[in-house]
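Just below is one structure, and these are the notes that go with it.
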Amino acid sequence: MRADLYRSATRSLHVVRRPLLIAPLYTLAMKPRRAVLLFTSLAMLALRVASGGADAPIQIDPDSIAWKDGPLTIPPGARSAILEGDPKRDGIFTMRVSFPPNYLIPLHSHARDERITVLDGTVFVGMGDAVDRTKETRFGAGAFYVTPTPLRHWVRTGEEGALLQATGLGPWTVDYVHPEDDPRKSNKESEP
C-alpha cells in the first residue's frame, strides 16, 4: 500500500515538476508556423528594447537644431541642444554643448561614464584632485574621450571655444568637488 501511494505521488509530482515553458514549446513544435511567429515577435521586441524603443529614425539637420542656454549644471555661457533622449531620465541621451572661448567647468565628477566627441574647436581636460593645467590633455576637432565614473576632472576651452557632443546614460549628473563651484546654487531650477 505504501509503495502504491509512493508511485501515485511520484506520478503526480512528475507532471507538476515539468516546467511551465515545456508545454507551450511542445505545442509550438507541433505547429511550426506559430513557433516562427512567436520567435520573430520576441526578436523584434528584443531589438526594440535594445534600441531604446525609438519608433522612427532620428535624423537631424544641423540648421534645425534648437539651441538654448545651459544646461544649468555648468557655469553660464554655454548653449546646448538635446538630440536624443532626456538626460534627466533613465536611458540613452545625446546632446551637443557649445562653449565660448576661455570657458572652464571646474573640478567635478559624474554618476555615469561621460563620452565626448569634439566636433569643433579645442578642449583641455585634466584629471585629479586639483586643477593643474600642466596635467591637461588637449582634444581637437574629431577627438573622442571617455571619462569613467567617478573620476574627478575639469574641462576648459581655448581661444576659439568648442562644440562637443555628449552621449551617455541618464539620469545625468554633475557633482562638483567644491560646492561653491556649483552654478545651481544661484539657479532655482536644476537640469542636466
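Quick note on naming: the chains in the C-alpha cells go A, B, ... in the order shown, residues restart at 1 in each chain, and ligands are numbered from 1 in order of appearance.
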Name the residues in contact with region 110-126 of chain A at a cut-off of 9 Å, using only C-alpha atoms, excluding same-chain residues fewer than 2 positions from it; report them as a ChimeraX atom specification. /A:107-108,128,130-176
Could the residues in this selection be written to a file with N, CA and C atoms, as a compact mmCIF listing (two decimals), in the first residue's frame?
# COMPACT_ATOMS: atom_id res chain seq x y z
N LEU A 107 36.40 71.50 -11.33
CA LEU A 107 36.59 70.11 -10.92
C LEU A 107 35.26 69.47 -10.52
N HIS A 108 34.94 68.35 -11.17
CA HIS A 108 33.66 67.68 -10.95
C HIS A 108 33.77 66.20 -11.33
N GLY A 128 42.18 64.66 -11.77
CA GLY A 128 42.88 64.65 -10.50
C GLY A 128 42.06 65.34 -9.43
N ALA A 130 42.88 68.37 -8.05
CA ALA A 130 43.01 69.83 -8.11
C ALA A 130 43.28 70.24 -9.55
N VAL A 131 42.77 71.39 -9.94
CA VAL A 131 43.01 71.89 -11.30
C VAL A 131 44.49 72.21 -11.45
N ASP A 132 45.12 71.58 -12.42
CA ASP A 132 46.54 71.77 -12.69
C ASP A 132 46.71 71.72 -14.20
N ARG A 133 46.91 72.87 -14.83
CA ARG A 133 46.98 72.94 -16.29
C ARG A 133 48.14 72.14 -16.87
N THR A 134 49.12 71.82 -16.08
CA THR A 134 50.23 71.00 -16.59
C THR A 134 49.82 69.54 -16.76
N LYS A 135 48.67 69.15 -16.21
CA LYS A 135 48.19 67.77 -16.31
C LYS A 135 47.05 67.62 -17.32
N GLU A 136 46.81 68.63 -18.14
CA GLU A 136 45.71 68.59 -19.10
C GLU A 136 46.10 67.86 -20.38
N THR A 137 45.08 67.30 -21.01
CA THR A 137 45.24 66.69 -22.33
C THR A 137 44.42 67.53 -23.31
N ARG A 138 45.01 67.83 -24.46
CA ARG A 138 44.35 68.64 -25.50
C ARG A 138 43.57 67.72 -26.44
N PHE A 139 42.31 68.08 -26.70
CA PHE A 139 41.47 67.34 -27.64
C PHE A 139 40.94 68.32 -28.69
N GLY A 140 41.31 68.11 -29.93
CA GLY A 140 40.85 68.96 -31.03
C GLY A 140 39.69 68.32 -31.76
N ALA A 141 39.22 69.02 -32.80
CA ALA A 141 38.08 68.55 -33.59
C ALA A 141 38.32 67.13 -34.08
N GLY A 142 37.32 66.28 -33.88
CA GLY A 142 37.40 64.88 -34.29
C GLY A 142 37.83 63.94 -33.16
N ALA A 143 38.31 64.50 -32.06
CA ALA A 143 38.77 63.66 -30.94
C ALA A 143 37.58 63.09 -30.17
N PHE A 144 37.84 61.99 -29.48
CA PHE A 144 36.84 61.32 -28.66
C PHE A 144 37.51 60.91 -27.35
N TYR A 145 36.79 61.07 -26.25
CA TYR A 145 37.31 60.59 -24.98
C TYR A 145 36.18 60.13 -24.07
N VAL A 146 36.53 59.24 -23.15
CA VAL A 146 35.60 58.73 -22.15
C VAL A 146 36.20 59.01 -20.78
N THR A 147 35.42 59.66 -19.94
CA THR A 147 35.83 59.88 -18.56
C THR A 147 35.03 58.93 -17.69
N PRO A 148 35.69 57.92 -17.12
CA PRO A 148 34.94 56.93 -16.33
C PRO A 148 34.51 57.48 -14.98
N THR A 149 33.45 56.90 -14.47
CA THR A 149 32.93 57.22 -13.15
C THR A 149 33.87 56.64 -12.11
N PRO A 150 34.14 57.27 -11.04
CA PRO A 150 33.81 58.61 -10.57
C PRO A 150 35.01 59.56 -10.69
N LEU A 151 35.76 59.46 -11.77
CA LEU A 151 36.99 60.22 -11.93
C LEU A 151 36.72 61.73 -11.89
N ARG A 152 37.44 62.42 -11.03
CA ARG A 152 37.31 63.88 -10.93
C ARG A 152 38.08 64.51 -12.09
N HIS A 153 37.47 65.49 -12.72
CA HIS A 153 38.09 66.13 -13.88
C HIS A 153 37.57 67.55 -14.06
N TRP A 154 38.24 68.32 -14.90
CA TRP A 154 37.80 69.65 -15.28
C TRP A 154 37.95 69.76 -16.79
N VAL A 155 37.21 70.70 -17.36
CA VAL A 155 37.23 70.92 -18.80
C VAL A 155 37.32 72.42 -19.04
N ARG A 156 38.18 72.81 -19.99
CA ARG A 156 38.24 74.22 -20.36
C ARG A 156 38.45 74.32 -21.85
N THR A 157 38.08 75.47 -22.39
CA THR A 157 38.28 75.72 -23.81
C THR A 157 39.44 76.69 -24.00
N GLY A 158 39.91 76.74 -25.22
CA GLY A 158 40.97 77.68 -25.57
C GLY A 158 40.38 78.97 -26.14
N GLU A 159 41.17 79.64 -26.97
CA GLU A 159 40.78 80.94 -27.53
C GLU A 159 39.56 80.87 -28.45
N GLU A 160 39.33 79.72 -29.10
CA GLU A 160 38.23 79.64 -30.08
C GLU A 160 36.94 79.02 -29.54
N GLY A 161 36.92 78.55 -28.31
CA GLY A 161 35.73 77.87 -27.81
C GLY A 161 35.68 76.46 -28.35
N ALA A 162 34.55 75.77 -28.18
CA ALA A 162 34.44 74.39 -28.65
C ALA A 162 32.99 73.96 -28.76
N LEU A 163 32.76 73.00 -29.63
CA LEU A 163 31.46 72.35 -29.77
C LEU A 163 31.66 70.87 -29.48
N LEU A 164 30.98 70.36 -28.45
CA LEU A 164 31.11 68.96 -28.04
C LEU A 164 29.79 68.23 -28.20
N GLN A 165 29.89 66.93 -28.41
CA GLN A 165 28.71 66.07 -28.40
C GLN A 165 28.91 65.04 -27.30
N ALA A 166 27.94 64.98 -26.39
CA ALA A 166 27.99 64.04 -25.27
C ALA A 166 26.90 62.98 -25.44
N THR A 167 27.29 61.74 -25.26
CA THR A 167 26.34 60.63 -25.27
C THR A 167 26.52 59.89 -23.97
N GLY A 168 25.41 59.58 -23.33
CA GLY A 168 25.51 58.89 -22.05
C GLY A 168 24.22 58.25 -21.65
N LEU A 169 24.22 57.76 -20.44
CA LEU A 169 23.03 57.16 -19.85
C LEU A 169 22.52 58.08 -18.75
N GLY A 170 21.24 58.38 -18.82
CA GLY A 170 20.63 59.21 -17.79
C GLY A 170 20.19 58.36 -16.62
N PRO A 171 19.84 58.98 -15.52
CA PRO A 171 19.88 60.43 -15.34
C PRO A 171 21.31 60.94 -15.21
N TRP A 172 21.57 62.05 -15.88
CA TRP A 172 22.89 62.66 -15.95
C TRP A 172 23.07 63.60 -14.77
N THR A 173 24.22 63.52 -14.13
CA THR A 173 24.50 64.41 -13.00
C THR A 173 25.88 65.03 -13.16
N VAL A 174 26.06 66.19 -12.59
CA VAL A 174 27.36 66.84 -12.48
C VAL A 174 27.53 67.14 -11.00
N ASP A 175 28.53 66.52 -10.39
CA ASP A 175 28.78 66.67 -8.95
C ASP A 175 30.10 67.41 -8.77
N TYR A 176 30.01 68.66 -8.28
CA TYR A 176 31.20 69.49 -8.11
C TYR A 176 31.95 69.10 -6.85
Can you tell me, as an MDAnalysis selection string, what residues are no more than 9 Å from region 64-66 of chain A when counting only C-alpha atoms, ignoring any on the same chain fewer than 6 positions away? chainID A and resid 80:83
Best match for closeness to Ile105 (chain A) among A:Gly77, A:Pro62, A:Asp86, A:Ile92, counting only C-alpha atoms: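 Of A:Gly77, A:Pro62, A:Asp86, A:Ile92, the one nearest Ile105 (chain A) is A:Gly77, counting only C-alpha atoms.
CA of Pro76 (chain A) lies 11.7 Å from CA of Asp181 (chain A).
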Suppose you want the space between CA of Val97 (chain A) and CA of Ser109 (chain A); what is it in Å?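 Going from CA of Val97 (chain A) over to CA of Ser109 (chain A), I get 17.3 Å.
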CA of Gly91 (chain A) to CA of Pro75 (chain A), distance in Å rounded to a single decimal: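 So the answer is 24.9 Å.
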Among A:Ile58, A:Leu72, A:Met95, A:Met127, Pro183 (chain A) is approached most closely, using only C-alpha atoms, by A:Leu72
